[in-house]
$ cat upload_27.txt   # compact mmCIF, C-alpha atoms and all ligand atoms
# COMPACT_ATOMS: atom_id res chain seq x y z
CA MET A 1 15.68 84.78 -9.34
CA SER A 2 17.68 82.73 -11.79
CA ARG A 3 21.35 82.33 -12.72
CA PRO A 4 21.47 81.67 -16.46
CA GLU A 5 25.22 82.43 -16.48
CA LEU A 6 25.78 79.10 -14.72
CA ILE A 7 24.32 77.12 -17.63
CA LYS A 8 26.88 76.13 -20.23
CA GLU A 9 26.77 78.14 -23.44
CA GLU A 10 25.88 75.25 -25.79
CA ILE A 11 22.52 74.80 -24.06
CA ALA A 12 21.24 78.29 -24.91
CA GLY A 13 20.26 77.40 -28.48
CA ILE A 14 18.44 74.16 -27.65
CA ALA A 15 14.69 74.03 -28.18
CA GLU A 16 13.14 71.75 -25.57
CA TYR A 17 11.99 68.27 -26.67
CA VAL A 18 8.24 68.40 -27.36
CA PRO A 19 6.60 65.14 -26.26
CA GLY A 20 3.22 63.90 -27.48
CA LYS A 21 0.30 65.00 -25.30
CA SER A 22 -0.72 62.80 -22.37
CA ILE A 23 -4.13 61.26 -21.69
CA GLU A 24 -4.45 63.12 -18.38
CA GLU A 25 -3.75 66.50 -20.00
CA ILE A 26 -6.36 66.04 -22.72
CA ALA A 27 -8.94 64.44 -20.41
CA SER A 28 -8.84 67.38 -18.02
CA LYS A 29 -8.62 70.06 -20.73
CA TYR A 30 -11.61 68.81 -22.77
CA GLY A 31 -13.61 67.15 -19.96
CA PHE A 32 -13.29 63.49 -20.99
CA HIS A 33 -13.02 60.43 -18.79
CA PRO A 34 -9.34 59.34 -19.17
CA ALA A 35 -10.44 55.84 -20.26
CA SER A 36 -12.24 57.29 -23.28
CA VAL A 37 -9.23 59.22 -24.62
CA ILE A 38 -7.49 57.59 -27.62
CA LYS A 39 -3.71 58.16 -27.45
CA LEU A 40 -2.13 57.96 -30.90
CA GLY A 41 0.47 60.70 -30.57
CA SER A 42 3.59 58.87 -29.35
CA ASN A 43 3.82 55.69 -31.48
CA GLU A 44 3.25 53.41 -28.50
CA ASN A 45 2.10 49.83 -28.99
CA VAL A 46 -1.69 49.84 -28.56
CA LEU A 47 -1.81 46.09 -27.82
CA GLY A 48 -0.06 46.60 -24.47
CA PRO A 49 2.99 44.65 -23.26
CA SER A 50 3.54 40.90 -23.59
CA THR A 51 2.06 39.04 -20.58
CA LYS A 52 5.32 37.06 -20.43
CA ALA A 53 7.21 40.32 -19.96
CA ILE A 54 4.87 41.43 -17.18
CA GLU A 55 5.16 38.07 -15.38
CA SER A 56 8.94 38.07 -15.60
CA MET A 57 9.11 41.60 -14.26
CA VAL A 58 6.88 40.70 -11.32
CA ASP A 59 8.91 37.54 -10.63
CA HIS A 60 12.07 39.62 -10.32
CA ALA A 61 10.51 42.49 -8.35
CA LYS A 62 11.74 40.90 -5.12
CA ASP A 63 15.35 41.22 -6.34
CA VAL A 64 15.43 45.00 -6.63
CA ASN A 65 17.50 45.40 -3.47
CA ILE A 66 20.42 44.06 -5.57
CA TYR A 67 22.17 46.00 -8.36
CA PRO A 68 21.72 44.54 -11.83
CA SER A 69 24.83 43.25 -13.64
CA ALA A 70 26.77 46.36 -14.74
CA ASP A 71 26.45 45.59 -18.46
CA ALA A 72 23.06 43.75 -18.38
CA SER A 73 24.85 40.68 -19.74
CA GLU A 74 21.79 38.37 -19.46
CA LEU A 75 19.85 40.74 -21.69
CA VAL A 76 22.78 41.20 -24.08
CA ASP A 77 22.89 37.39 -24.48
CA ALA A 78 19.18 37.37 -25.40
CA ILE A 79 19.65 40.24 -27.87
CA SER A 80 22.51 38.27 -29.42
CA VAL A 81 20.14 35.35 -30.07
CA TYR A 82 17.45 37.70 -31.43
CA THR A 83 19.77 39.60 -33.79
CA GLY A 84 22.17 36.79 -34.68
CA LEU A 85 25.12 39.08 -33.82
CA PRO A 86 27.86 38.28 -31.29
CA VAL A 87 27.73 39.96 -27.86
CA GLU A 88 30.87 41.94 -28.80
CA ASN A 89 28.62 44.00 -31.09
CA ILE A 90 25.83 44.68 -28.59
CA CYS A 91 25.35 47.27 -25.82
CA ALA A 92 22.08 47.36 -23.89
CA SER A 93 21.05 50.88 -22.93
CA GLY A 94 18.87 52.82 -20.56
CA PRO A 95 16.96 55.07 -20.39
CA GLY A 96 15.85 53.67 -23.76
CA MET A 97 17.65 54.34 -27.01
CA ASP A 98 17.78 57.96 -25.91
CA GLY A 99 20.34 56.87 -23.30
CA LEU A 100 22.43 55.26 -26.04
CA LEU A 101 22.37 58.49 -28.05
CA ASP A 102 23.43 60.53 -25.08
CA ASN A 103 26.27 58.14 -24.17
CA LEU A 104 27.51 58.13 -27.77
CA MET A 105 27.58 61.92 -27.87
CA ARG A 106 29.53 61.97 -24.60
CA LEU A 107 31.95 59.46 -26.10
CA LEU A 108 32.45 61.10 -29.50
CA ILE A 109 31.93 64.85 -29.32
CA SER A 110 34.46 67.52 -28.44
CA ALA A 111 33.30 71.14 -28.53
CA GLY A 112 32.88 72.30 -32.12
CA ASP A 113 32.59 68.88 -33.72
CA GLU A 114 29.76 68.59 -36.22
CA VAL A 115 26.89 66.16 -36.68
CA ILE A 116 24.73 65.95 -39.80
CA ILE A 117 20.97 65.58 -39.36
CA PRO A 118 18.59 65.16 -42.32
CA THR A 119 15.24 66.85 -41.57
CA PRO A 120 12.43 66.46 -40.73
CA THR A 121 13.34 63.77 -38.21
CA PHE A 122 13.35 62.76 -34.55
CA SER A 123 14.37 65.83 -32.58
CA TYR A 124 16.42 64.23 -29.82
CA TYR A 125 19.50 63.85 -32.08
CA GLY A 126 19.91 67.62 -32.13
CA ILE A 127 19.33 67.96 -28.40
CA ALA A 128 21.81 65.20 -27.40
CA ALA A 129 24.42 66.54 -29.84
CA CYS A 130 24.13 70.20 -28.78
CA ALA A 131 24.11 69.35 -25.07
CA ASN A 132 27.48 67.70 -25.61
CA GLY A 133 28.98 70.61 -27.53
CA ALA A 134 28.36 69.55 -31.12
CA VAL A 135 27.28 71.86 -33.92
CA PRO A 136 24.30 70.35 -35.77
CA VAL A 137 24.31 70.69 -39.55
CA TYR A 138 20.76 70.23 -40.84
CA VAL A 139 20.16 68.97 -44.39
CA GLU A 140 16.61 68.81 -45.72
CA LEU A 141 15.25 65.56 -47.16
CA ASN A 142 14.09 65.55 -50.79
CA GLU A 143 10.47 66.51 -51.43
CA ASP A 144 9.39 62.84 -51.41
CA TYR A 145 11.30 62.45 -48.11
CA SER A 146 14.04 60.30 -49.61
CA LEU A 147 17.60 61.13 -48.50
CA ASP A 148 19.42 63.85 -50.43
CA THR A 149 22.69 61.90 -50.37
CA ASP A 150 24.61 64.49 -52.39
CA ALA A 151 23.60 67.25 -49.99
CA ILE A 152 24.57 65.08 -47.03
CA MET A 153 28.00 64.36 -48.50
CA ASN A 154 28.47 68.04 -49.36
CA ALA A 155 27.63 68.96 -45.76
CA GLU A 156 30.53 66.86 -44.53
CA SER A 157 33.57 68.71 -43.15
CA ASP A 158 36.78 67.90 -41.30
CA ARG A 159 34.79 68.14 -38.09
CA THR A 160 31.97 65.76 -38.97
CA LYS A 161 31.77 63.05 -36.31
CA VAL A 162 28.33 61.53 -36.80
CA ILE A 163 25.64 61.39 -39.49
CA PHE A 164 22.19 60.53 -38.11
CA LEU A 165 19.87 58.50 -40.35
CA CYS A 166 16.47 57.35 -39.11
CA SER A 167 15.08 54.27 -40.88
CA PRO A 168 12.10 54.07 -41.02
CA ASN A 169 12.17 57.80 -40.43
CA ASN A 170 10.08 59.44 -37.74
CA PRO A 171 7.80 61.25 -38.78
CA THR A 172 7.78 60.30 -42.49
CA GLY A 173 7.68 56.47 -42.19
CA ARG A 174 10.15 56.09 -45.05
CA LEU A 175 13.12 53.65 -45.05
CA VAL A 176 16.64 54.69 -45.98
CA GLU A 177 17.70 52.88 -49.18
CA GLU A 178 20.56 50.48 -48.50
CA ALA A 179 22.44 51.80 -51.57
CA ASP A 180 22.26 55.37 -50.18
CA LEU A 181 23.43 54.16 -46.80
CA ARG A 182 26.38 52.34 -48.36
CA SER A 183 27.41 55.45 -50.32
CA ILE A 184 27.35 57.53 -47.15
CA LEU A 185 29.25 54.89 -45.11
CA GLU A 186 31.93 54.76 -47.78
CA HIS A 187 32.18 58.51 -48.22
CA THR A 188 32.28 59.72 -44.63
CA ARG A 189 35.20 59.74 -42.24
CA GLY A 190 32.71 59.87 -39.39
CA LEU A 191 30.28 57.36 -37.91
CA VAL A 192 26.80 56.74 -39.29
CA PHE A 193 24.09 56.26 -36.67
CA VAL A 194 21.11 54.35 -38.12
CA ASP A 195 18.05 54.67 -35.87
CA GLU A 196 15.98 51.51 -36.27
CA ALA A 197 13.36 52.26 -33.59
CA TYR A 198 10.61 51.03 -35.94
CA ILE A 199 12.55 48.37 -37.83
CA GLU A 200 10.37 45.42 -36.77
CA PHE A 201 7.46 46.95 -38.73
CA SER A 202 9.51 47.05 -41.95
CA ASP A 203 11.66 44.82 -44.11
CA GLY A 204 14.70 47.08 -44.24
CA ASN A 205 16.99 46.18 -41.34
CA VAL A 206 20.68 46.78 -42.06
CA ALA A 207 22.34 44.89 -39.18
CA HIS A 208 24.22 42.72 -41.73
CA LEU A 209 26.27 45.82 -42.67
CA LEU A 210 28.10 45.48 -39.34
CA ASN A 211 30.05 42.68 -41.01
CA GLU A 212 31.20 45.02 -43.76
CA TYR A 213 31.70 48.47 -42.25
CA ASP A 214 33.52 49.61 -39.11
CA ASN A 215 31.71 52.96 -38.91
CA ILE A 216 28.04 52.01 -38.54
CA ILE A 217 26.04 52.06 -35.29
CA ILE A 218 22.44 50.89 -35.16
CA GLY A 219 20.07 52.08 -32.44
CA ARG A 220 17.16 49.87 -31.39
CA THR A 221 14.46 50.12 -28.73
CA PHE A 222 11.97 48.00 -26.77
CA SER A 223 9.55 50.96 -26.73
CA LYS A 224 7.71 50.37 -29.99
CA ALA A 225 7.23 46.81 -31.37
CA PHE A 226 8.07 45.26 -27.96
CA ALA A 227 5.60 47.54 -26.17
CA LEU A 228 7.83 48.46 -23.20
CA ALA A 229 8.05 52.26 -23.61
CA GLY A 230 7.45 52.80 -19.89
CA LEU A 231 10.46 50.66 -18.93
CA ARG A 232 12.98 52.77 -20.93
CA LEU A 233 15.01 50.04 -22.56
CA GLY A 234 17.08 50.12 -25.77
CA TYR A 235 20.25 48.75 -27.31
CA GLY A 236 22.97 49.57 -29.77
CA LEU A 237 24.59 47.36 -32.40
CA MET A 238 28.12 48.55 -33.13
CA PRO A 239 31.56 47.34 -34.16
CA ALA A 240 33.53 45.60 -31.38
CA TRP A 241 36.17 48.39 -31.30
CA LEU A 242 33.45 50.93 -30.55
CA LYS A 243 31.74 48.81 -27.90
CA ALA A 244 35.03 48.60 -26.00
CA GLU A 245 35.26 52.43 -25.92
CA TYR A 246 31.52 52.85 -25.22
CA MET A 247 31.65 50.61 -22.16
CA LYS A 248 34.29 52.91 -20.62
CA ILE A 249 31.84 55.81 -20.39
CA ALA A 250 28.39 54.18 -20.20
CA THR A 251 26.63 54.88 -16.90
CA PRO A 252 27.06 51.70 -14.85
CA PHE A 253 23.85 49.81 -13.97
CA ASN A 254 21.80 51.91 -16.38
CA ILE A 255 19.18 49.20 -16.88
CA SER A 256 16.99 48.24 -13.95
CA VAL A 257 16.48 44.64 -12.84
CA PRO A 258 12.79 44.53 -13.94
CA ALA A 259 13.77 45.98 -17.34
CA VAL A 260 16.49 43.36 -17.90
CA PHE A 261 14.06 40.50 -17.30
CA ALA A 262 11.10 42.07 -19.09
CA GLY A 263 13.35 42.62 -22.11
CA ILE A 264 14.48 38.98 -22.15
CA ALA A 265 10.87 37.75 -21.90
CA ALA A 266 9.65 40.19 -24.57
CA LEU A 267 12.31 38.94 -27.00
CA SER A 268 11.14 35.36 -26.39
CA ASP A 269 7.46 36.16 -27.03
CA ALA A 270 7.40 35.78 -30.81
CA ASP A 271 3.58 35.59 -30.88
CA HIS A 272 3.13 38.99 -29.28
CA LEU A 273 5.70 40.53 -31.57
CA LYS A 274 3.97 39.06 -34.62
CA LYS A 275 0.59 40.35 -33.43
CA SER A 276 2.07 43.82 -32.92
CA ILE A 277 3.58 43.85 -36.38
CA ASN A 278 0.38 42.63 -38.05
CA CYS A 279 -1.67 45.23 -36.17
CA ALA A 280 0.63 47.99 -37.48
CA ILE A 281 0.69 46.74 -41.06
CA GLU A 282 -3.08 46.18 -41.36
CA GLY A 283 -3.85 49.43 -39.57
CA ARG A 284 -1.51 51.62 -41.61
CA ASP A 285 -2.98 50.22 -44.86
CA TYR A 286 -6.49 50.94 -43.56
CA LEU A 287 -5.58 54.49 -42.53
CA LYS A 288 -3.85 55.17 -45.83
CA GLY A 289 -6.86 53.86 -47.77
CA ASN A 290 -9.48 55.75 -45.77
CA ILE A 291 -8.21 59.07 -44.42
CA PRO A 292 -9.44 61.67 -46.95
CA PHE A 293 -6.10 63.51 -47.20
CA LYS A 294 -2.70 62.67 -48.65
CA VAL A 295 -1.22 59.84 -46.55
CA TYR A 296 2.40 58.80 -47.14
CA ASP A 297 3.45 55.15 -47.46
CA SER A 298 4.82 54.00 -44.13
CA GLN A 299 7.08 51.17 -42.96
CA ALA A 300 6.38 51.97 -39.29
CA ASN A 301 3.48 51.86 -36.79
CA PHE A 302 2.34 55.36 -37.74
CA VAL A 303 1.32 57.25 -40.85
CA LEU A 304 2.06 60.81 -41.90
CA VAL A 305 -0.94 62.80 -43.12
CA ASP A 306 -0.67 66.02 -45.12
CA VAL A 307 -3.84 68.03 -44.44
CA SER A 308 -3.00 70.97 -46.69
CA PRO A 309 -4.53 73.36 -47.54
CA LEU A 310 -5.72 73.02 -43.94
CA ARG A 311 -3.30 73.73 -41.08
CA SER A 312 -2.09 70.77 -38.99
CA LYS A 313 -2.77 72.81 -35.85
CA ASP A 314 -6.47 73.24 -36.63
CA VAL A 315 -6.99 69.60 -37.59
CA THR A 316 -5.05 68.37 -34.53
CA VAL A 317 -7.27 70.47 -32.27
CA SER A 318 -10.42 69.20 -34.00
CA LEU A 319 -9.31 65.64 -33.21
CA LEU A 320 -8.34 66.51 -29.63
CA GLU A 321 -11.86 67.88 -29.13
CA LYS A 322 -13.11 64.39 -29.97
CA GLY A 323 -10.68 62.83 -27.47
CA ILE A 324 -8.16 61.64 -30.09
CA ILE A 325 -4.50 62.55 -29.50
CA VAL A 326 -2.37 62.73 -32.67
CA ARG A 327 0.92 64.52 -33.28
CA ASP A 328 1.04 67.94 -34.91
CA CYS A 329 4.45 67.83 -36.65
CA LYS A 330 4.94 71.59 -36.50
CA SER A 331 7.54 71.14 -33.75
CA PHE A 332 9.69 69.01 -36.11
CA ARG A 333 12.28 71.19 -37.87
CA ASP A 334 11.51 71.64 -41.60
CA ALA A 335 8.16 69.79 -41.38
CA GLY A 336 6.05 72.80 -42.34
CA ASP A 337 2.60 73.40 -40.88
CA SER A 338 0.34 70.86 -42.58
CA LEU A 339 1.70 67.49 -41.38
CA ILE A 340 0.15 65.25 -38.73
CA ARG A 341 1.60 61.95 -37.51
CA VAL A 342 -0.94 59.33 -36.46
CA THR A 343 0.03 56.17 -34.57
CA VAL A 344 -1.78 53.08 -35.82
CA GLY A 345 -4.42 52.10 -33.26
CA THR A 346 -6.70 49.11 -32.80
CA ALA A 347 -9.26 48.50 -35.58
CA GLU A 348 -11.91 50.27 -33.52
CA GLN A 349 -9.66 53.26 -32.82
CA ASN A 350 -8.64 53.52 -36.46
CA LYS A 351 -12.30 53.79 -37.50
CA LYS A 352 -12.77 56.70 -35.11
CA VAL A 353 -9.63 58.36 -36.46
CA VAL A 354 -10.90 58.07 -40.04
CA ALA A 355 -14.30 59.49 -39.04
CA ALA A 356 -12.58 62.41 -37.29
CA PHE A 357 -10.45 63.20 -40.37
CA GLU A 358 -13.63 62.98 -42.51
CA ASP A 359 -15.24 65.60 -40.27
CA ALA A 360 -12.09 67.73 -40.47
CA SER A 361 -12.11 67.54 -44.28
CA LYS A 362 -15.48 69.34 -44.18
CA LEU A 363 -13.56 72.42 -42.97
CA LEU A 364 -12.26 72.68 -46.55
C1 LIG B 1 10.66 56.43 -29.99
C2 LIG B 1 11.92 56.72 -30.69
C3 LIG B 1 13.16 56.58 -30.06
C4 LIG B 1 13.29 56.49 -28.57
O1 LIG B 1 13.33 55.28 -28.09
P1 LIG B 1 13.43 55.07 -26.52
O2 LIG B 1 14.08 53.73 -26.48
O3 LIG B 1 12.03 55.06 -26.00
O4 LIG B 1 14.29 56.13 -25.91
C5 LIG B 1 14.32 56.75 -30.79
N1 LIG B 1 14.26 57.09 -32.08
C6 LIG B 1 13.09 57.27 -32.71
C7 LIG B 1 13.08 57.65 -34.13
C8 LIG B 1 11.90 57.12 -32.03
O5 LIG B 1 10.75 57.38 -32.65

$ encode --input "upload_27.txt" --output "structure tokens"
Amino acid sequence: MSRPELIKEEIAGIAEYVPGKSIEEIASKYGFHPASVIKLGSNENVLGPSTKAIESMVDHAKDVNIYPSADASELVDAISVYTGLPVENICASGPGMDGLLDNLMRLLISAGDEVIIPTPTFSYYGIAACANGAVPVYVELNEDYSLDTDAIMNAESDRTKVIFLCSPNNPTGRLVEEADLRSILEHTRGLVFVDEAYIEFSDGNVAHLLNEYDNIIIGRTFSKAFALAGLRLGYGLMPAWLKAEYMKIATPFNISVPAVFAGIAALSDADHLKKSINCAIEGRDYLKGNIPFKVYDSQANFVLVDVSPLRSKDVTVSLLEKGIIVRDCKSFRDAGDSLIRVTVGTAEQNKKVVAAFEDASKLL
């Protein structure tokens, strides 16, 4: 028995978020020992977390009978040092940046408001927007995956509240050009959300625009370069006027005590961050140079591979059969059926990935 009439109408059209496959799922399906499965489907940091972050988390484990500070102010102070922005511009968020997105939608959207989403991109924007009553307006990227700024501006209406831009974009790895971003910021009456989940791996951060525009919000996360995906920690950089409104509706205590202290320690571990960045840069160059298909330039810790004329589904399965998890992009709107996203692994893992794509190319 079920009671679908109890579910609010907006939810009916939402396609469920499709996560990358887990090690356990693939190990049991194909008969591998879990330790031998290579997980490169979710853009996690293959170096593991900073030991400083682990130690700090363990040190504070005894304090978990006490609520954290409501606004995670110790962590916000540390983010202020890391970004060079005042605390008035910073909101820490849990669970992850996804929590920030959801809170922003709750803050901004009334039923029927519109959000603009260039595709293909991260699918949670559409889910968070629809769940809060927004109507998503999808605009395809240009063929080279640059932004079609004219199409985005033409998609704008009286009801546009937010334009989502992902830079570097997941799954294409391409940065948004600052000139394009400025044109959109100046043209729109809405807010522009710039998702910088992968920004540490690139040279394109736009946090300085907070000094010039009052309608930009930047989303950041500890899940990728800082290697804390399992802790669910993110933050937003936004104008002070917006932070004041945001704090009215943010779930109180949404960041756990271990996450607050792991985040502070991770920000202070410049060596681990540098290692993570170098691993991504060297690895993505190696993958681009050696995978025998078209590989797009990437500013992130993953590369996008176009396996046409083969189908992404077939190639993904051929890698899974070798114990390598990569992401078939078919579930991304407007990504077609020949794209595969591969997280950069360790040098040893990358070699196995290349060998597996070489085998797959023999299917041609
Ligand atoms: C991974 C990812 C996020 C989610 O970050 P969390 O902090 O783990 O919720 C947000 N945006 C993009 C583009 C991502 O790839």

$ residues_around --input "upload_27.txt" --residues "segment 258-262 of chain A" --least-positions-apart "3" --cutoff "10 Å" --atoms "only C-alpha atoms" --output "PyMOL selection string"
chain A and resi 49-64+68-69+72-76+78+92+94+222+226+228+230-234+255+265-268

$ atom_distance --input "upload_27.txt" --atom1 "atom CA of Gly48 of chain A" --atom2 "atom CA of Phe357 of chain A"
25.2 Å

$ closest_residue --input "upload_27.txt" --among "A:Gln349, A:Ser22, A:Asn154, A:Asn301" --to "ligand LIG 1 (chain B)" --atoms "all atoms listed in the file"
A:Asn301

$ closest_atom_pairs --input "upload_27.txt" --of "segment 207-303 of chain A" --to "segment 165-180 of chain A" --cutoff "9 Å" --atoms "only C-alpha atoms" --output "CSV"
residue,atom,partner,partner_atom,distance
A:Tyr296,CA,A:Thr172,CA,7.3
A:Asp297,CA,A:Gly173,CA,6.9
A:Ser298,CA,A:Gly173,CA,4.2
A:Gln299,CA,A:Gly173,CA,5.4
A:Ala300,CA,A:Gly173,CA,5.5
A:Asn301,CA,A:Gly173,CA,8.2
A:Phe302,CA,A:Gly173,CA,7.0
A:Val303,CA,A:Gly173,CA,6.5

$ residues_around --input "upload_27.txt" --residues "Ile90 of chain A" --least-positions-apart "6" --cutoff "10 Å" --atoms "all atoms listed in the file" --output "PyMOL selection string"
chain A and resi 73+75-77+79-80+83+217-218+235-240+243

$ residues_around --input "upload_27.txt" --residues "Ile117 of chain A" --least-positions-apart "4" --cutoff "7 Å" --atoms "only C-alpha atoms" --output "VMD selection string"
chain A and resid 136 to 139 163 to 164

$ axis_aligned_box --input "upload_27.txt" --around "ligand LIG 1 (chain B)" --padding-each-side "8 Å" --output "JSON"
{"center_x": 12.5, "center_y": 55.7, "center_z": -30.0, "size_x": 19.7, "size_y": 19.9, "size_z": 24.2}

$ closest_residue --input "upload_27.txt" --among "A:Leu310, A:Ala225, A:Val257, A:Ala270" --to "ligand LIG 1 (chain B)" --atoms "only C-alpha atoms and all ligand atoms"
A:Ala225

$ closest_residue --input "upload_27.txt" --among "A:His33, A:Lys161, A:Lys8, A:Arg106" --to "Ile249 of chain A" --atoms "all atoms listed in the file"
A:Arg106

$ atom_distance --input "upload_27.txt" --atom1 "atom CA of Ile152 of chain A" --atom2 "atom CA of Ser331 of chain A"
22.4 Å

$ residues_around --input "upload_27.txt" --residues "Leu209 of chain A" --least-positions-apart "5" --cutoff "9 Å" --atoms "all atoms listed in the file" --output "CSV table (one decimal) with C-alpha atoms, in the coordinates of the input"
chain,number,residue,atom,x,y,z
A,182,ARG,CA,26.4,52.3,-48.4
A,214,ASP,CA,33.5,49.6,-39.1
A,216,ILE,CA,28.0,52.0,-38.5

$ atom_distance --input "upload_27.txt" --atom1 "atom CA of Gly323 of chain A" --atom2 "atom CA of Ile23 of chain A"
8.9 Å

$ residues_around --input "upload_27.txt" --residues "Val115 of chain A" --least-positions-apart "4" --cutoff "10 Å" --atoms "all atoms listed in the file" --output "list of chain:residue names"
A:Met105, A:Ile109, A:Tyr125, A:Gly126, A:Ala129, A:Cys130, A:Ala134, A:Val135, A:Pro136, A:Val137, A:Tyr138, A:Ala155, A:Glu156, A:Ser157, A:Arg159, A:Thr160, A:Lys161, A:Val162, A:Ile163, A:Phe164, A:Gly190, A:Leu191, A:Val192
